[in-house]
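**Student:** The following block contains the structure, expressed as structure tokens.
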Amino acid sequence: MKRILSLLFLASVVVCPAFGQQKLSDKELASVIWAMGQMYPDGFTVSLDSLRQPAKGLAVSYKETQNMFDKKNIPAVIKHARAHENMVGGWYDPEEGKYYFDSSRIFPEDSLAAALAFARANHQHTVYDFDKGINIRSNYEQKDIRIILDCDMGSSTDDMFALMMLHRYMDMGRCNLIGVVVDRMGRANADIVDVLNNFYGHPDVPIGLETDGQKDTHVWITYHNLPYARNTDGVPMFKRSVGDNGTYMEGYKLYRKLLASQPDRSVTIASIGFVTTLARLLQSGPDEYSPLNGVELVRKKVKDIYAMGGVFGKAVEPDYNFLQAIDFSLKFFELLPKEVDVVFSPGEVGDPLDYRPELVISDMSWTDLHPIKWTYQFLNCDTGQKMWDPQAVINAVEGDDFYKLSERGFVTLTPAGETLFTPDPKGNCRYQFPGDRTWCDTVLKYIRLMAIQH
């Protein structure tokens with residue numbers, strides 16, 4: 001009974017403004033911090049001055065306090081916090097049955113790259129986002145991920161978010177975007193990529209454009225005028241590197257140039273549109289970049305492909321991306337070497353991830369001139385648009401543990417655009433399963449967190 005009364009008293013110290021404004025001794029603070037560990041088993045972070053948790057920001061623990069897990073260590077945690085950020089946190093490790101206390105540093109929510117770098121330097125597994133209530137993994141393996149994004153930019157806005165994610169991953173040092181191929185024909189679609197590359201600070205990422213692919217594919221959101229937006233003085237709103245008079249390399253040619261220059265089995269392709277350009281690559285012959293034909297070049301240089309598309313499970317119905325350019329798609333499935341791993345991201349995985357227009361505009365309120373924000377401000381993007389395409393990109397960078405994947409097998413494509421999966425332990429194909437509500441909520445918050453970085 002005495003312990004319960006003590007906890008209730010300490011709870012009043014934590015939550016009551018009158019008590020919170022009192023100057024507590026370090027001994028009293030140690031008792032309060034210990035009590036908070038009992039009250040908040042899922043963890044907490046508070047200021048020693050106000051005993052309140054920040055509403056926003058990214059919390060990272062210092063390595064000097066990472067192994068302090070009982071009451072007698074709390075004074076040392078407080079002492080370190082006093083000399084640094086004045087922030088103390090705690091969290092329970094169910095595997096070890098211990099409650100850890102630590103001194104924490106708080107980064108602005110738009111400084112994720114810096115927070116992750118600090119976390120890695122301090123041997124911390126995660127960064128915690130107060131506003132979104134999610135942990136961002138920092139103890140990932142620093143793989144040499146070389147990615148080519150193959151997109152159908154210029155129709156659905158999820159392509160823009162997928163490219164945004166890759167630029168943010170680049171800022172974190174998590175991947176190297178070596179090129180972007182636009183498989184939807186039309187100069188404006190490549191110009192959109194040029195705008196995004198410039199806006200996100202990587203203007204030198206090469207861009208290839210399909211010029212002999214599928215004609216008259218459906219456009220859902222007509223944001224092709226984005227690259228040419230001007231202010232009232234007639235000045236272009238968004239910077240481009242290629243400009244009106246520049247040219248883009250033919251898509252499959254850029255593939256050949258990029259692949260030939262990379263180490264063997266080192267390239268990951270994130271395919272989030274049609275496979276027209278990939279089909280043309282596979283059908284290509286030797287050229288100035290490589291003496292290998294397309295199939296041999298892909299077999300030698302490409303490690304894996306993460307493709308947005310496919311319908312699996314009990315449903316047998318056409319997939320949109322593959323059906324739109326069915327002749328190219330059939331050729332792609334026919335010629336793709338079985339040595340290349342493929343992970344499909346069906347539309348149902350991204351269906352619950354509804355990034356509402358009002359949230360997009362709000363998350364990008366840190367600037368008046370943002371290409372994605374401009375699109376959402378001046379066009380109707382409330383068309384059932386979901387975050388389908390980012391799932392292939394996130395999987396490619398975060399790794400397969402982030403998703404629940406099917407067993408291995410082989411996938412064949414029918415002339416009707418249906419993807420048929422045949423289980424086989426020697427198969428090169430897998431597909432993502434949809435996540436539960438908690439997983440979907442976490443992934444959408446993660447995409448939003450990337451959107452507010454600047």
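Ordered as shown in the structure tokens, chains take letters A, B, and onward, while each chain numbers its residues from 1 and ligands are numbered from 1 in the order shown.
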Env of segment 139-143 of chain A: 10 Å cut, atoms = only C-alpha atoms, seq-sep filter 5 positions within chain, self excluded. Answer as a list in words.
**Tutor:** Leu116, Ala119, Arg120, His123, Gln124, His125, Thr126, Val127, Gly173, Arg174, Cys175, Val397, Glu398 and Gly399 of chain A
**Student:** If we count only C-alpha atoms and set the cut-off at 7 Å, which residues sit around Arg299 of chain A, ignoring sequence neighbours fewer than 4 positions away in its own chain? Please answer as a list in words.
**Tutor:**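 Answer for this query is Val295, Pro337, Glu339 and Val340 of chain A.
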**Student:** Among the residues of segment 244-389 of chain A, find those DSSP assigns to strand (DSSP E) from the backbone and print them as a list in words.
**Tutor:**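 Checking each residue of segment 244-389 of chain A, the strand (DSSP E) ones are Met249, Glu250, Val267, Thr268, Ile269, Ala270, Ser271, Val302, Lys303, Asp304, Ile305, Tyr306, Ala307, Met308, Asp341, Val342, Val343, Phe344 and Ser345 of chain A.
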**Student:** Considering only C-alpha atoms, state which residue in the set A:Val195, A:Met387, A:Val411, A:Ile33 is at the smallest distance from Pro352 of chain A.
**Tutor:**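 Using only C-alpha atoms, the shortest distance to Pro352 of chain A belongs to A:Met387.
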**Student:** Contacts of Glu348 of chain A at 12 Å or less, counting only C-alpha atoms, minus same-chain residues fewer than 6 places along, as a list in words?
**Tutor:**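 Listed by chain and then number, they are Met308, Gly309, Gly310, Val311, Phe312, Gly313, Ala315, Asp319, Asp354, Lys386, Met387, Trp388, Asp389, Gln391, Tyr431, Gln432, Phe433, Pro434, Gly435, Asp436 and Cys440 of chain A.
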**Student:** Please return, as an MDAnalysis selection string, all residues of segment 90-283 of chain A that DSSP assigns to alpha helix (DSSP H) on the basis of the backbone.
**Tutor:** chainID A and resid 112:121 158:171 187:199 251:260 276:283
**Student:** Here is a test: counting only C-alpha atoms, which residue of A:Val302, A:Met153, A:Met68, A:Leu444 is nearest to Leu353 of chain A?
**Tutor:**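 Ranking A:Val302, A:Met153, A:Met68, A:Leu444 by distance to Leu353 of chain A, first place goes to A:Leu444.
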**Student:** Show which residues sit within 10 Å of His167 of chain A, as a list in words. Count only C-alpha atoms, and ignore same-chain residues fewer than 6 positions away.
**Tutor:** Phe161, Gly173, Arg174, Cys175, Asn176, Leu177, Leu196, Asn197, Phe199, Tyr200, Gly201, His202 and Met450 of chain A
**Student:** Output C-alpha atoms for every residue in that selection, as a PDB file, in the first residue's frame.
**Tutor:**
ATOM      1  CA  PHE A 161       6.765   9.745 -53.324  1.00  0.00           C
ATOM      2  CA  GLY A 173      23.666   7.103 -46.794  1.00  0.00           C
ATOM      3  CA  ARG A 174      21.419   4.087 -47.164  1.00  0.00           C
ATOM      4  CA  CYS A 175      21.577   3.705 -50.926  1.00  0.00           C
ATOM      5  CA  ASN A 176      23.008   5.180 -54.086  1.00  0.00           C
ATOM      6  CA  LEU A 177      20.446   6.117 -56.728  1.00  0.00           C
ATOM      7  CA  LEU A 196      12.510  16.275 -58.277  1.00  0.00           C
ATOM      8  CA  ASN A 197      16.207  15.419 -58.588  1.00  0.00           C
ATOM      9  CA  PHE A 199      14.628  19.839 -55.551  1.00  0.00           C
ATOM     10  CA  TYR A 200      15.956  17.009 -53.396  1.00  0.00           C
ATOM     11  CA  GLY A 201      19.571  17.969 -53.944  1.00  0.00           C
ATOM     12  CA  HIS A 202      20.804  15.296 -56.343  1.00  0.00           C
ATOM     13  CA  MET A 450      10.401  11.400 -44.984  1.00  0.00           C
TER      14      MET A 450
END
**Student:** Closest to Thr277 of chain A among A:Gln262, A:Trp374, A:Cys151, A:Ser156, using only C-alpha atoms?
**Tutor:**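 Of all the options, A:Cys151 lies closest to Thr277 of chain A.
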**Student:** Of the candidates A:Asp150, A:Glu85, A:Asp191, A:Glu95, which shows the shortest atom-to-atom distance to Gly273 of chain A, using only C-alpha atoms?
**Tutor:**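 For Gly273 of chain A, the nearest of the candidates is A:Asp150.
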**Student:** Could you check which of A:Val193, A:Leu281, A:Val343, A:Ile74 is closest to Asp400 of chain A, using only C-alpha atoms?
**Tutor:**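 Smallest distance to Asp400 of chain A is found for A:Val343.
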**Student:** When you draw a straight line from atom CA of His370 of chain A to atom CA of Pro357 of chain A, how long is it in Å?
**Tutor:** 13.9 Å
**Student:** In terms of the shortest atom-to-atom distance over only C-alpha atoms, which of A:Asp204, A:Lys445, A:Val180, A:Thr412 is closest to Met160 of chain A?
**Tutor:**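 Using only C-alpha atoms, the shortest distance to Met160 of chain A belongs to A:Val180.
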**Student:** What lies within 8 Å of Lys373 of chain A using only C-alpha atoms, ignoring chain neighbours under 4 positions off, as a ChimeraX atom specification?
**Tutor:** /A:360-361,364,369,377
**Student:** Could you write out that same residue set with N, CA and C atoms as a PDB file, in the first residue's frame?
**Tutor:**
ATOM      1  N   VAL A 360      -0.674  15.683 -46.961  1.00  0.00           N
ATOM      2  CA  VAL A 360       0.478  15.955 -47.823  1.00  0.00           C
ATOM      3  C   VAL A 360       0.826  17.436 -47.774  1.00  0.00           C
ATOM      4  N   ILE A 361      -0.161  18.279 -47.976  1.00  0.00           N
ATOM      5  CA  ILE A 361       0.075  19.728 -47.997  1.00  0.00           C
ATOM      6  C   ILE A 361       0.566  20.205 -46.634  1.00  0.00           C
ATOM      7  N   MET A 364       4.214  19.281 -45.912  1.00  0.00           N
ATOM      8  CA  MET A 364       5.172  20.016 -46.732  1.00  0.00           C
ATOM      9  C   MET A 364       5.015  21.522 -46.567  1.00  0.00           C
ATOM     10  N   LEU A 369       7.366  26.506 -52.002  1.00  0.00           N
ATOM     11  CA  LEU A 369       7.624  25.944 -53.332  1.00  0.00           C
ATOM     12  C   LEU A 369       8.113  24.511 -53.212  1.00  0.00           C
ATOM     13  N   GLN A 377      -1.804  20.978 -54.486  1.00  0.00           N
ATOM     14  CA  GLN A 377      -2.526  22.236 -54.315  1.00  0.00           C
ATOM     15  C   GLN A 377      -3.363  22.601 -55.529  1.00  0.00           C
TER      16      GLN A 377
END
